[in-house]
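Working notes, beginning with the structure itself.
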Amino acid sequence: MKLWQGRFKLNTSGLVEEFTSSLDFDRRLYAYDIKGSMAHVKMLAKCDIITEKEAAEIEEGLSEIYRDIEADAFDFDPADEDIHMAIECALIDKIGTVGGKLHTARSRNDQVALDVRMYLKDEMKSIMNLIIELQRVLIELALNNLDVIIPGLTHFQHAQPVLLSHHLMAYFFMLERDFDRLKDCRYRTDSMPLGSGALAGTVFPIDRYFVAEELGFSKVSENSLDSVSDRDFIVEFLAAASLIMVHLSRLSEELIVWSSFEFDFIELGDDFTTGSSIMPQKKNPDVAELVRGKSGRVFGDLLNLLTTLKSLPLAYNRDLQEDKEALFDGADTVKACLNIYAAMLGSIRIKPERMRASAEKGFLTATDVADYLTDKGLPFRDSHKTVGEMVAYCIEKSITLGQLKLKELKKFSPLFEEDVLSLISVETSVDRRDSFGGTSRSSVIKEIEIAQKMLEEEKIYLA
Ligand code: ARG
């Protein structure tokens, strides 16, 4: 019999039971559900709403249920609508009618809001730890390849030479913002909704601050209608998760391109690539491709929830049960991707000579030559035009800017002197860009030092 059977003459149709049940996916919340119930029961006894003896019996029953589920010895009955009902029914089966007192001054509406917040607070912590690990690997790779030069691209065309370490650190700072966004979302998730009842609060003299304290929440929600229907924190999380996936997907794209035959900048480890069932020569970057592909799932999860929420009147509506699969999928996906990424990056073999050779091509130092003329007094637009003509000349002769002799240079502009020759080297080009946040060796060392400090602060936040 259902715990809410009282007002019904007919039993629920099997079709409805199957259609409305969330047990298949929300059973993973069991530990939070039980922890939340334990705190609730303690509070009920402290506020003299139930006796200490009743509370002790309920707590004992809940502990047993927890042990049963952990030991895979709990019989989940599909007729129980959700994890909350399953646990409550099992409690009443175990300890008798006193088990029915657990749900005093509580509704499943505030209960599920509590469970999901507890779950997400923990998940965000795990994700933040995974971000830290990936950031650590990025710093390590940057430090091990500090002086390697690659062609920097805009519009996917050779632009100016940059250090590989600078390029890698760009991803560190993307992840830094991701960490910060989760921190911010965690702040709003950290609000305790229990005690809001079904929608209007409760007549019992409860102590919501006690429950918050017991469960490690720093705030108590202020409005019962909002508390039972607010899922903004899940939207925020899925938006933050989506951006993490954007970042991983962009990095994936680079790794895929860099490991292609045409680029040949890196080789991914044998242990992080897969072969082809038909082409014996293949070594495919499947992990990077799957991460790029899985980004779509997480964006979908975000849109799924936004759509579910957009027309809901206050307060709780059963539509909200649809929040969980999107949330679980988003959290699982982002965790799996971050986890494998840290390991995969560690398996990369960098090919500095290939990168360097590529940076010699495509007139990457043309801007430096134009800057040189501008430095000598030529308006930048005129310098730009002169160097453009030099590039066209080089293309015709199939030579690089560096192969031009001073005599030839002077034909383009009398302002050229001996000292321009050193400027044409990619090393000089990189090293002269020593503005804060630029690609020179000293600037990159500075940004890595800043990154290391950020990493330490992140660790302190999570400790
Ligand atoms: N399984 C429900 C959910 O996930 C729990 C709350 C149900 N409340 C209700 N009044 N039917 O949203």
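We label chains A, B, ... in the order they appear in the structure tokens, count residues from 1 in each chain, and number ligands from 1 in the order shown.
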
Check which residues fall inside 9 Å of ligand 1 when counting only C-alpha atoms and all ligand atoms, and print them as a PDB file with N, CA, C and O atoms, in the first residue's frame.
ATOM      1  N   THR A  20       5.702   7.207 -13.537  1.00  0.00           N
ATOM      2  CA  THR A  20       6.068   8.296 -12.626  1.00  0.00           C
ATOM      3  C   THR A  20       7.300   7.988 -11.771  1.00  0.00           C
ATOM      4  O   THR A  20       7.842   8.879 -11.135  1.00  0.00           O
ATOM      5  N   SER A  21       7.708   6.718 -11.772  1.00  0.00           N
ATOM      6  CA  SER A  21       8.795   6.346 -10.858  1.00  0.00           C
ATOM      7  C   SER A  21      10.141   6.976 -11.241  1.00  0.00           C
ATOM      8  O   SER A  21      10.500   7.048 -12.408  1.00  0.00           O
ATOM      9  N   SER A  22      10.860   7.423 -10.228  1.00  0.00           N
ATOM     10  CA  SER A  22      12.210   7.961 -10.456  1.00  0.00           C
ATOM     11  C   SER A  22      13.247   7.100  -9.759  1.00  0.00           C
ATOM     12  O   SER A  22      14.432   7.435  -9.725  1.00  0.00           O
ATOM     13  N   LEU A  23      12.778   5.987  -9.194  1.00  0.00           N
ATOM     14  CA  LEU A  23      13.665   5.162  -8.362  1.00  0.00           C
ATOM     15  C   LEU A  23      14.903   4.685  -9.124  1.00  0.00           C
ATOM     16  O   LEU A  23      15.999   4.620  -8.558  1.00  0.00           O
ATOM     17  N   ASP A  26      17.047   7.993  -9.088  1.00  0.00           N
ATOM     18  CA  ASP A  26      17.333   8.788  -7.876  1.00  0.00           C
ATOM     19  C   ASP A  26      17.798   7.927  -6.697  1.00  0.00           C
ATOM     20  O   ASP A  26      18.144   8.451  -5.650  1.00  0.00           O
ATOM     21  N   GLU A  81       7.643   5.034  -5.406  1.00  0.00           N
ATOM     22  CA  GLU A  81       7.839   6.063  -6.430  1.00  0.00           C
ATOM     23  C   GLU A  81       9.273   6.538  -6.579  1.00  0.00           C
ATOM     24  O   GLU A  81       9.768   6.761  -7.670  1.00  0.00           O
ATOM     25  N   ASP A  82       9.894   6.749  -5.445  1.00  0.00           N
ATOM     26  CA  ASP A  82      11.223   7.341  -5.501  1.00  0.00           C
ATOM     27  C   ASP A  82      12.043   6.888  -4.300  1.00  0.00           C
ATOM     28  O   ASP A  82      11.549   6.139  -3.449  1.00  0.00           O
ATOM     29  N   ILE A  83      13.256   7.332  -4.222  1.00  0.00           N
ATOM     30  CA  ILE A  83      14.162   6.885  -3.158  1.00  0.00           C
ATOM     31  C   ILE A  83      13.645   7.294  -1.779  1.00  0.00           C
ATOM     32  O   ILE A  83      13.812   6.562  -0.797  1.00  0.00           O
ATOM     33  N   HIS A  84      12.959   8.427  -1.714  1.00  0.00           N
ATOM     34  CA  HIS A  84      12.456   8.900  -0.416  1.00  0.00           C
ATOM     35  C   HIS A  84      11.398   7.957   0.117  1.00  0.00           C
ATOM     36  O   HIS A  84      11.406   7.568   1.283  1.00  0.00           O
ATOM     37  N   MET A  85      10.469   7.564  -0.766  1.00  0.00           N
ATOM     38  CA  MET A  85       9.406   6.626  -0.393  1.00  0.00           C
ATOM     39  C   MET A  85       9.992   5.259  -0.079  1.00  0.00           C
ATOM     40  O   MET A  85       9.564   4.588   0.865  1.00  0.00           O
ATOM     41  N   SER A 107       8.137  17.383   3.944  1.00  0.00           N
ATOM     42  CA  SER A 107       7.457  16.947   2.724  1.00  0.00           C
ATOM     43  C   SER A 107       8.540  16.401   1.808  1.00  0.00           C
ATOM     44  O   SER A 107       9.721  16.725   1.975  1.00  0.00           O
ATOM     45  N   ARG A 108       8.130  15.574   0.832  1.00  0.00           N
ATOM     46  CA  ARG A 108       9.163  15.141  -0.115  1.00  0.00           C
ATOM     47  C   ARG A 108       9.667  16.326  -0.944  1.00  0.00           C
ATOM     48  O   ARG A 108      10.753  16.279  -1.508  1.00  0.00           O
ATOM     49  N   ASN A 109       8.858  17.363  -0.998  1.00  0.00           N
ATOM     50  CA  ASN A 109       9.271  18.516  -1.809  1.00  0.00           C
ATOM     51  C   ASN A 109      10.496  19.221  -1.220  1.00  0.00           C
ATOM     52  O   ASN A 109      11.422  19.582  -1.945  1.00  0.00           O
ATOM     53  N   ASP A 110      10.500  19.404   0.106  1.00  0.00           N
ATOM     54  CA  ASP A 110      11.709  20.019   0.679  1.00  0.00           C
ATOM     55  C   ASP A 110      12.812  18.977   0.860  1.00  0.00           C
ATOM     56  O   ASP A 110      13.996  19.272   0.795  1.00  0.00           O
ATOM     57  N   GLN A 111      12.371  17.712   1.021  1.00  0.00           N
ATOM     58  CA  GLN A 111      13.354  16.631   1.194  1.00  0.00           C
ATOM     59  C   GLN A 111      14.205  16.447  -0.072  1.00  0.00           C
ATOM     60  O   GLN A 111      15.434  16.353   0.002  1.00  0.00           O
ATOM     61  N   VAL A 112      13.546  16.415  -1.229  1.00  0.00           N
ATOM     62  CA  VAL A 112      14.315  16.190  -2.458  1.00  0.00           C
ATOM     63  C   VAL A 112      15.203  17.399  -2.752  1.00  0.00           C
ATOM     64  O   VAL A 112      16.346  17.252  -3.215  1.00  0.00           O
ATOM     65  N   ALA A 113      14.711  18.583  -2.424  1.00  0.00           N
ATOM     66  CA  ALA A 113      15.538  19.778  -2.642  1.00  0.00           C
ATOM     67  C   ALA A 113      16.813  19.689  -1.786  1.00  0.00           C
ATOM     68  O   ALA A 113      17.911  20.034  -2.240  1.00  0.00           O
ATOM     69  N   ALA A 198       5.714  21.264   2.278  1.00  0.00           N
ATOM     70  CA  ALA A 198       5.283  21.045   0.894  1.00  0.00           C
ATOM     71  C   ALA A 198       5.460  22.325   0.091  1.00  0.00           C
ATOM     72  O   ALA A 198       5.887  22.309  -1.058  1.00  0.00           O
ATOM     73  N   TYR A 316       6.163  23.635  -5.971  1.00  0.00           N
ATOM     74  CA  TYR A 316       6.669  22.387  -6.534  1.00  0.00           C
ATOM     75  C   TYR A 316       5.743  21.863  -7.630  1.00  0.00           C
ATOM     76  O   TYR A 316       4.521  21.920  -7.507  1.00  0.00           O
ATOM     77  N   ASN A 317       6.318  21.366  -8.699  1.00  0.00           N
ATOM     78  CA  ASN A 317       5.573  20.638  -9.734  1.00  0.00           C
ATOM     79  C   ASN A 317       6.368  19.377 -10.051  1.00  0.00           C
ATOM     80  O   ASN A 317       7.601  19.383  -9.984  1.00  0.00           O
ATOM     81  N   ARG A 318       5.658  18.328 -10.422  1.00  0.00           N
ATOM     82  CA  ARG A 318       6.339  17.056 -10.644  1.00  0.00           C
ATOM     83  C   ARG A 318       7.346  17.138 -11.798  1.00  0.00           C
ATOM     84  O   ARG A 318       8.267  16.324 -11.880  1.00  0.00           O
ATOM     85  N   ASP A 319       7.167  18.114 -12.676  1.00  0.00           N
ATOM     86  CA  ASP A 319       8.160  18.318 -13.740  1.00  0.00           C
ATOM     87  C   ASP A 319       9.574  18.335 -13.168  1.00  0.00           C
ATOM     88  O   ASP A 319      10.535  17.944 -13.828  1.00  0.00           O
ATOM     89  N   LEU A 320       9.665  18.830 -11.930  1.00  0.00           N
ATOM     90  CA  LEU A 320      10.994  19.028 -11.337  1.00  0.00           C
ATOM     91  C   LEU A 320      11.752  17.719 -11.145  1.00  0.00           C
ATOM     92  O   LEU A 320      12.975  17.719 -11.009  1.00  0.00           O
ATOM     93  N   GLN A 321      11.025  16.624 -11.140  1.00  0.00           N
ATOM     94  CA  GLN A 321      11.699  15.326 -11.043  1.00  0.00           C
ATOM     95  C   GLN A 321      12.648  15.114 -12.236  1.00  0.00           C
ATOM     96  O   GLN A 321      13.585  14.338 -12.163  1.00  0.00           O
ATOM     97  N   GLU A 322      12.354  15.815 -13.322  1.00  0.00           N
ATOM     98  CA  GLU A 322      13.186  15.695 -14.524  1.00  0.00           C
ATOM     99  C   GLU A 322      14.549  16.376 -14.371  1.00  0.00           C
ATOM    100  O   GLU A 322      15.376  16.323 -15.269  1.00  0.00           O
ATOM    101  N   ASP A 323      14.756  17.059 -13.262  1.00  0.00           N
ATOM    102  CA  ASP A 323      16.050  17.735 -13.076  1.00  0.00           C
ATOM    103  C   ASP A 323      17.204  16.750 -12.892  1.00  0.00           C
ATOM    104  O   ASP A 323      18.336  17.027 -13.248  1.00  0.00           O
ATOM    105  N   LYS A 324      16.860  15.575 -12.332  1.00  0.00           N
ATOM    106  CA  LYS A 324      17.934  14.718 -11.836  1.00  0.00           C
ATOM    107  C   LYS A 324      18.765  14.033 -12.909  1.00  0.00           C
ATOM    108  O   LYS A 324      19.988  13.992 -12.822  1.00  0.00           O
TER     109      LYS A 324
END

Using only C-alpha atoms, find each residue of range 339-372 of chain A with at least one atom at most 7 Å away from an atom of range 401-423 of chain A; report its shortest atom-to-atom pair and that distance in Å (one decimal), sort the rows by chain and rising residue number, and return the result as JSON lines.
{"residue": "A:Phe363", "atom": "CA", "partner": "A:Leu401", "partner_atom": "CA", "distance": 6.5}
{"residue": "A:Asp368", "atom": "CA", "partner": "A:Leu423", "partner_atom": "CA", "distance": 6.6}
{"residue": "A:Val369", "atom": "CA", "partner": "A:Leu423", "partner_atom": "CA", "distance": 6.9}

Take the residues from that selection and put them in a file with N, CA and C atoms, as a PDB file, in the first residue's frame.
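File written: part_12.pdb
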ATOM      1  N   PHE A 363      56.133  33.489 -42.438  1.00  0.00           N
ATOM      2  CA  PHE A 363      56.444  34.910 -42.185  1.00  0.00           C
ATOM      3  C   PHE A 363      55.924  35.400 -40.836  1.00  0.00           C
ATOM      4  N   ASP A 368      57.175  42.005 -36.551  1.00  0.00           N
ATOM      5  CA  ASP A 368      58.380  42.545 -35.912  1.00  0.00           C
ATOM      6  C   ASP A 368      59.122  43.485 -36.865  1.00  0.00           C
ATOM      7  N   VAL A 369      59.158  43.088 -38.147  1.00  0.00           N
ATOM      8  CA  VAL A 369      59.860  43.927 -39.128  1.00  0.00           C
ATOM      9  C   VAL A 369      59.095  45.247 -39.314  1.00  0.00           C
TER      10      VAL A 369
END

*Residues near Ala463 in chain A, cut-off 12 Å, only C-alpha atoms, skip fewer than 4 positions along chain, as an MDAnalysis selection string*: chainID A and resid 125:126 128:129 456:459

Go ahead and dump the residues you just picked, all heavy atoms, as a PDB file, in the first residue's frame.
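In the end it all went to again28.pdb:
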ATOM      1  N   LYS A 125      32.777  19.551  -5.291  1.00  0.00           N
ATOM      2  CA  LYS A 125      34.077  19.413  -4.643  1.00  0.00           C
ATOM      3  C   LYS A 125      34.962  18.432  -5.422  1.00  0.00           C
ATOM      4  O   LYS A 125      36.136  18.703  -5.684  1.00  0.00           O
ATOM      5  CB  LYS A 125      33.873  18.918  -3.208  1.00  0.00           C
ATOM      6  CG  LYS A 125      34.772  19.588  -2.240  1.00  0.00           C
ATOM      7  CD  LYS A 125      34.412  19.258  -0.822  1.00  0.00           C
ATOM      8  CE  LYS A 125      35.520  19.793   0.053  1.00  0.00           C
ATOM      9  NZ  LYS A 125      35.312  19.567   1.459  1.00  0.00           N
ATOM     10  N   SER A 126      34.379  17.302  -5.811  1.00  0.00           N
ATOM     11  CA  SER A 126      35.168  16.326  -6.587  1.00  0.00           C
ATOM     12  C   SER A 126      35.620  16.939  -7.907  1.00  0.00           C
ATOM     13  O   SER A 126      36.764  16.745  -8.337  1.00  0.00           O
ATOM     14  CB  SER A 126      34.343  15.089  -6.949  1.00  0.00           C
ATOM     15  OG  SER A 126      33.692  14.582  -5.845  1.00  0.00           O
ATOM     16  N   MET A 128      36.088  20.061  -8.606  1.00  0.00           N
ATOM     17  CA  MET A 128      37.137  21.063  -8.372  1.00  0.00           C
ATOM     18  C   MET A 128      38.489  20.389  -8.127  1.00  0.00           C
ATOM     19  O   MET A 128      39.523  20.875  -8.582  1.00  0.00           O
ATOM     20  CB  MET A 128      36.754  21.942  -7.181  1.00  0.00           C
ATOM     21  CG  MET A 128      35.629  22.900  -7.519  1.00  0.00           C
ATOM     22  SD  MET A 128      34.808  23.450  -6.023  1.00  0.00           S
ATOM     23  CE  MET A 128      34.970  25.188  -6.166  1.00  0.00           C
ATOM     24  N   ASN A 129      38.475  19.260  -7.442  1.00  0.00           N
ATOM     25  CA  ASN A 129      39.730  18.526  -7.242  1.00  0.00           C
ATOM     26  C   ASN A 129      40.295  18.031  -8.568  1.00  0.00           C
ATOM     27  O   ASN A 129      41.511  18.043  -8.784  1.00  0.00           O
ATOM     28  CB  ASN A 129      39.515  17.340  -6.294  1.00  0.00           C
ATOM     29  CG  ASN A 129      39.711  17.745  -4.838  1.00  0.00           C
ATOM     30  OD1 ASN A 129      40.715  18.384  -4.491  1.00  0.00           O
ATOM     31  ND2 ASN A 129      38.767  17.415  -3.990  1.00  0.00           N
ATOM     32  N   GLU A 456      47.635  26.914  -5.204  1.00  0.00           N
ATOM     33  CA  GLU A 456      47.729  26.759  -3.739  1.00  0.00           C
ATOM     34  C   GLU A 456      46.464  27.284  -3.068  1.00  0.00           C
ATOM     35  O   GLU A 456      45.931  26.662  -2.150  1.00  0.00           O
ATOM     36  CB  GLU A 456      48.957  27.500  -3.189  1.00  0.00           C
ATOM     37  CG  GLU A 456      50.276  26.809  -3.468  1.00  0.00           C
ATOM     38  CD  GLU A 456      50.233  25.293  -3.285  1.00  0.00           C
ATOM     39  OE1 GLU A 456      49.861  24.844  -2.177  1.00  0.00           O
ATOM     40  OE2 GLU A 456      50.524  24.540  -4.237  1.00  0.00           O
ATOM     41  N   GLU A 457      45.953  28.420  -3.564  1.00  0.00           N
ATOM     42  CA  GLU A 457      44.732  28.977  -2.968  1.00  0.00           C
ATOM     43  C   GLU A 457      43.534  28.066  -3.191  1.00  0.00           C
ATOM     44  O   GLU A 457      42.670  27.937  -2.326  1.00  0.00           O
ATOM     45  CB  GLU A 457      44.444  30.371  -3.537  1.00  0.00           C
ATOM     46  CG  GLU A 457      45.204  31.441  -2.792  1.00  0.00           C
ATOM     47  CD  GLU A 457      45.297  32.756  -3.545  1.00  0.00           C
ATOM     48  OE1 GLU A 457      44.384  33.057  -4.339  1.00  0.00           O
ATOM     49  OE2 GLU A 457      46.305  33.465  -3.362  1.00  0.00           O
ATOM     50  N   GLU A 458      43.478  27.439  -4.361  1.00  0.00           N
ATOM     51  CA  GLU A 458      42.389  26.501  -4.652  1.00  0.00           C
ATOM     52  C   GLU A 458      42.432  25.340  -3.662  1.00  0.00           C
ATOM     53  O   GLU A 458      41.397  24.899  -3.147  1.00  0.00           O
ATOM     54  CB  GLU A 458      42.512  25.955  -6.079  1.00  0.00           C
ATOM     55  CG  GLU A 458      42.210  26.984  -7.144  1.00  0.00           C
ATOM     56  CD  GLU A 458      42.504  26.474  -8.546  1.00  0.00           C
ATOM     57  OE1 GLU A 458      42.913  25.304  -8.714  1.00  0.00           O
ATOM     58  OE2 GLU A 458      42.321  27.253  -9.504  1.00  0.00           O
ATOM     59  N   LYS A 459      43.647  24.872  -3.409  1.00  0.00           N
ATOM     60  CA  LYS A 459      43.788  23.733  -2.472  1.00  0.00           C
ATOM     61  C   LYS A 459      43.331  24.134  -1.077  1.00  0.00           C
ATOM     62  O   LYS A 459      42.670  23.361  -0.385  1.00  0.00           O
ATOM     63  CB  LYS A 459      45.236  23.230  -2.445  1.00  0.00           C
ATOM     64  CG  LYS A 459      45.609  22.471  -3.690  1.00  0.00           C
ATOM     65  CD  LYS A 459      47.018  21.903  -3.559  1.00  0.00           C
ATOM     66  CE  LYS A 459      47.555  21.497  -4.929  1.00  0.00           C
ATOM     67  NZ  LYS A 459      49.019  21.518  -4.983  1.00  0.00           N
TER      68      LYS A 459
END

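Nearest to Asn304 in chain A of all the residues A:Ile395, A:Asp329, A:Phe173, A:His384 is A:Asp329, counting only C-alpha atoms.
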
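If you measure from each of A:Ala170, A:Ala240, A:Leu225, A:Val16 to Asp184 in chain A using only C-alpha atoms, the closest one turns out to be A:Ala240.
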
*asked:* Report, in Å to a single decimal, how far apart CA of Tyr209 in chain A and CA of Val41 in chain A are.
replied: 13.8 Å

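Between CA of Met174 in chain A and CA of Ile139 in chain A lies a distance of 13.1 Å.
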
*Got a sec: who's within 6 Å of Val162 in chain A, counting only C-alpha atoms, leaving out chain neighbours fewer than 4 positions off, as an MDAnalysis selection string?*
chainID A and resid 149:150 152 430 439

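Minimum distance to Asp93 in chain A across A:Ile132, A:Thr189, A:Leu3, A:Asp122 (counting only C-alpha atoms) occurs at A:Leu3.
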
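Going from CA of Phe436 in chain A over to CA of Ile266 in chain A, you cover 28.4 Å.
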
*Could you write out, as a PyMOL selection string, all the residues of range 144-180 of chain A that DSSP marks as strand (DSSP E)?*
chain A and resi 149-154+157-163

Leaving out Gln135 in chain A and any residue of its chain fewer than 5 positions from it, which residues lie within 10 Å of it when counting only C-alpha atoms, given as a short mmCIF file (atom, residue, chain, number, x, y, z; two decimals) with all heavy atoms, in the first residue's frame?
data_model
loop_
_atom_site.label_atom_id
_atom_site.label_comp_id
_atom_site.auth_asym_id
_atom_site.auth_seq_id
_atom_site.Cartn_x
_atom_site.Cartn_y
_atom_site.Cartn_z
N ASN A 129 38.48 19.26 -7.44
CA ASN A 129 39.73 18.53 -7.24
C ASN A 129 40.29 18.03 -8.57
O ASN A 129 41.51 18.04 -8.78
CB ASN A 129 39.51 17.34 -6.29
CG ASN A 129 39.71 17.74 -4.84
OD1 ASN A 129 40.71 18.38 -4.49
ND2 ASN A 129 38.77 17.41 -3.99
N LEU A 130 39.41 17.60 -9.46
CA LEU A 130 39.86 17.13 -10.78
C LEU A 130 40.42 18.29 -11.60
O LEU A 130 41.39 18.13 -12.35
CB LEU A 130 38.72 16.44 -11.52
CG LEU A 130 38.27 15.09 -10.94
CD1 LEU A 130 36.97 14.63 -11.59
CD2 LEU A 130 39.35 14.03 -11.13
N GLU A 140 53.04 21.54 -15.24
CA GLU A 140 54.20 20.66 -15.39
C GLU A 140 54.65 20.60 -16.85
O GLU A 140 55.84 20.72 -17.16
CB GLU A 140 53.79 19.27 -14.89
CG GLU A 140 54.94 18.35 -14.57
CD GLU A 140 54.39 17.03 -14.03
OE1 GLU A 140 54.04 17.00 -12.83
OE2 GLU A 140 54.28 16.07 -14.81
N LEU A 141 53.68 20.43 -17.75
CA LEU A 141 54.01 20.39 -19.19
C LEU A 141 54.62 21.70 -19.65
O LEU A 141 55.57 21.71 -20.43
CB LEU A 141 52.73 20.15 -19.99
CG LEU A 141 52.40 18.76 -20.52
CD1 LEU A 141 51.12 18.83 -21.36
CD2 LEU A 141 53.54 18.19 -21.33
N LEU A 168 49.92 26.47 -23.58
CA LEU A 168 49.36 25.52 -22.60
C LEU A 168 48.77 26.25 -21.40
O LEU A 168 47.71 25.87 -20.89
CB LEU A 168 50.46 24.56 -22.12
CG LEU A 168 50.98 23.56 -23.16
CD1 LEU A 168 52.24 22.87 -22.64
CD2 LEU A 168 49.90 22.54 -23.51
N MET A 169 49.45 27.30 -20.98
CA MET A 169 48.97 28.04 -19.80
C MET A 169 47.64 28.75 -20.08
O MET A 169 46.89 29.04 -19.15
CB MET A 169 50.02 29.04 -19.31
CG MET A 169 51.23 28.39 -18.64
SD MET A 169 50.78 27.26 -17.31
CE MET A 169 50.22 28.41 -16.06
N TYR A 171 45.13 27.39 -21.24
CA TYR A 171 44.12 26.45 -20.73
C TYR A 171 44.08 26.43 -19.21
O TYR A 171 43.03 26.22 -18.61
CB TYR A 171 44.36 25.04 -21.33
CG TYR A 171 43.95 25.02 -22.78
CD1 TYR A 171 44.88 25.23 -23.80
CD2 TYR A 171 42.62 24.86 -23.14
CE1 TYR A 171 44.50 25.26 -25.13
CE2 TYR A 171 42.22 24.89 -24.46
CZ TYR A 171 43.17 25.09 -25.45
OH TYR A 171 42.77 25.14 -26.76
N PHE A 172 45.23 26.66 -18.60
CA PHE A 172 45.23 26.76 -17.12
C PHE A 172 44.26 27.85 -16.68
O PHE A 172 43.45 27.65 -15.78
CB PHE A 172 46.64 27.08 -16.59
CG PHE A 172 46.66 27.29 -15.10
CD1 PHE A 172 47.01 26.26 -14.25
CD2 PHE A 172 46.28 28.52 -14.54
CE1 PHE A 172 46.99 26.45 -12.86
CE2 PHE A 172 46.25 28.71 -13.17
CZ PHE A 172 46.61 27.67 -12.33
N PHE A 173 44.34 29.00 -17.34
CA PHE A 173 43.51 30.13 -16.87
C PHE A 173 42.03 29.95 -17.23
O PHE A 173 41.16 30.46 -16.53
CB PHE A 173 44.09 31.46 -17.39
CG PHE A 173 45.41 31.77 -16.72
CD1 PHE A 173 46.62 31.54 -17.36
CD2 PHE A 173 45.45 32.21 -15.40
CE1 PHE A 173 47.83 31.77 -16.73
CE2 PHE A 173 46.66 32.45 -14.75
CZ PHE A 173 47.85 32.22 -15.41
N MET A 174 41.76 29.21 -18.30
CA MET A 174 40.35 28.87 -18.57
C MET A 174 39.81 28.02 -17.41
O MET A 174 38.71 28.25 -16.90
CB MET A 174 40.23 28.05 -19.86
CG MET A 174 40.57 28.82 -21.11
SD MET A 174 40.34 27.76 -22.57
CE MET A 174 41.72 28.32 -23.56
N LEU A 175 40.62 27.04 -17.01
CA LEU A 175 40.19 26.15 -15.92
C LEU A 175 40.10 26.91 -14.60
O LEU A 175 39.30 26.56 -13.72
CB LEU A 175 41.16 24.97 -15.79
CG LEU A 175 41.07 23.95 -16.94
CD1 LEU A 175 42.29 23.03 -16.93
CD2 LEU A 175 39.79 23.13 -16.85
N GLU A 176 40.93 27.93 -14.47
CA GLU A 176 40.88 28.75 -13.27
C GLU A 176 39.51 29.43 -13.14
O GLU A 176 38.91 29.47 -12.08
CB GLU A 176 42.00 29.81 -13.35
CG GLU A 176 42.11 30.73 -12.17
CD GLU A 176 42.42 29.99 -10.89
OE1 GLU A 176 43.03 28.90 -10.96
OE2 GLU A 176 42.01 30.48 -9.83
N ALA A 342 43.61 14.59 -17.51
CA ALA A 342 44.86 14.78 -16.77
C ALA A 342 45.82 13.64 -17.11
O ALA A 342 47.01 13.87 -17.34
CB ALA A 342 44.58 14.83 -15.27
N ALA A 451 50.10 31.35 -11.53
CA ALA A 451 49.25 30.15 -11.61
C ALA A 451 49.52 29.23 -10.41
O ALA A 451 48.59 28.67 -9.82
CB ALA A 451 49.52 29.42 -12.92
N GLN A 452 50.80 29.10 -10.07
CA GLN A 452 51.13 28.23 -8.93
C GLN A 452 50.50 28.75 -7.63
O GLN A 452 50.02 27.97 -6.81
CB GLN A 452 52.65 28.10 -8.79
CG GLN A 452 53.21 27.11 -9.79
CD GLN A 452 54.71 27.21 -9.97
OE1 GLN A 452 55.29 28.30 -9.82
NE2 GLN A 452 55.36 26.10 -10.31
N LEU A 455 46.85 27.92 -7.67
CA LEU A 455 46.65 26.50 -7.37
C LEU A 455 46.69 26.25 -5.87
O LEU A 455 45.89 25.49 -5.32
CB LEU A 455 47.76 25.70 -8.08
CG LEU A 455 47.43 24.30 -8.54
CD1 LEU A 455 46.19 24.27 -9.40
CD2 LEU A 455 48.60 23.72 -9.32
#

*Among the residues of range 153-383 of chain A, find those DSSP assigns to helix (DSSP H, G or I) from the backbone and print them as JSON, numbers by chain.*
{"A": [164, 165, 166, 167, 168, 169, 170, 171, 172, 173, 174, 175, 176, 177, 178, 179, 180, 181, 182, 183, 184, 185, 186, 187, 188, 189, 208, 209, 210, 211, 212, 213, 214, 224, 225, 226, 227, 228, 229, 232, 233, 234, 235, 236, 237, 238, 239, 240, 241, 242, 243, 244, 245, 246, 247, 248, 249, 250, 251, 252, 253, 254, 255, 256, 257, 258, 270, 271, 272, 286, 287, 288, 289, 290, 291, 292, 293, 294, 295, 296, 297, 298, 299, 300, 301, 302, 303, 304, 305, 306, 307, 308, 309, 318, 319, 320, 321, 322, 323, 324, 325, 326, 327, 328, 329, 330, 331, 332, 333, 334, 335, 336, 337, 338, 339, 340, 341, 342, 343, 344, 345, 346, 352, 353, 354, 355, 356, 357, 358, 359, 360, 366, 367, 368, 369, 370, 371, 372, 373, 374, 375, 380, 381, 382, 383]}

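Comparing the minimum interatomic distances between Ser229 in chain A and each of A:Gly6, A:Pro313, A:Gly293, A:Pro280, counting only C-alpha atoms, we find that A:Pro313 sits nearest.
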
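Distances from A:Ala105, A:Leu146, A:Leu91, A:Cys185 to Leu238 in chain A were compared using only C-alpha atoms, and the smallest one belongs to A:Cys185.
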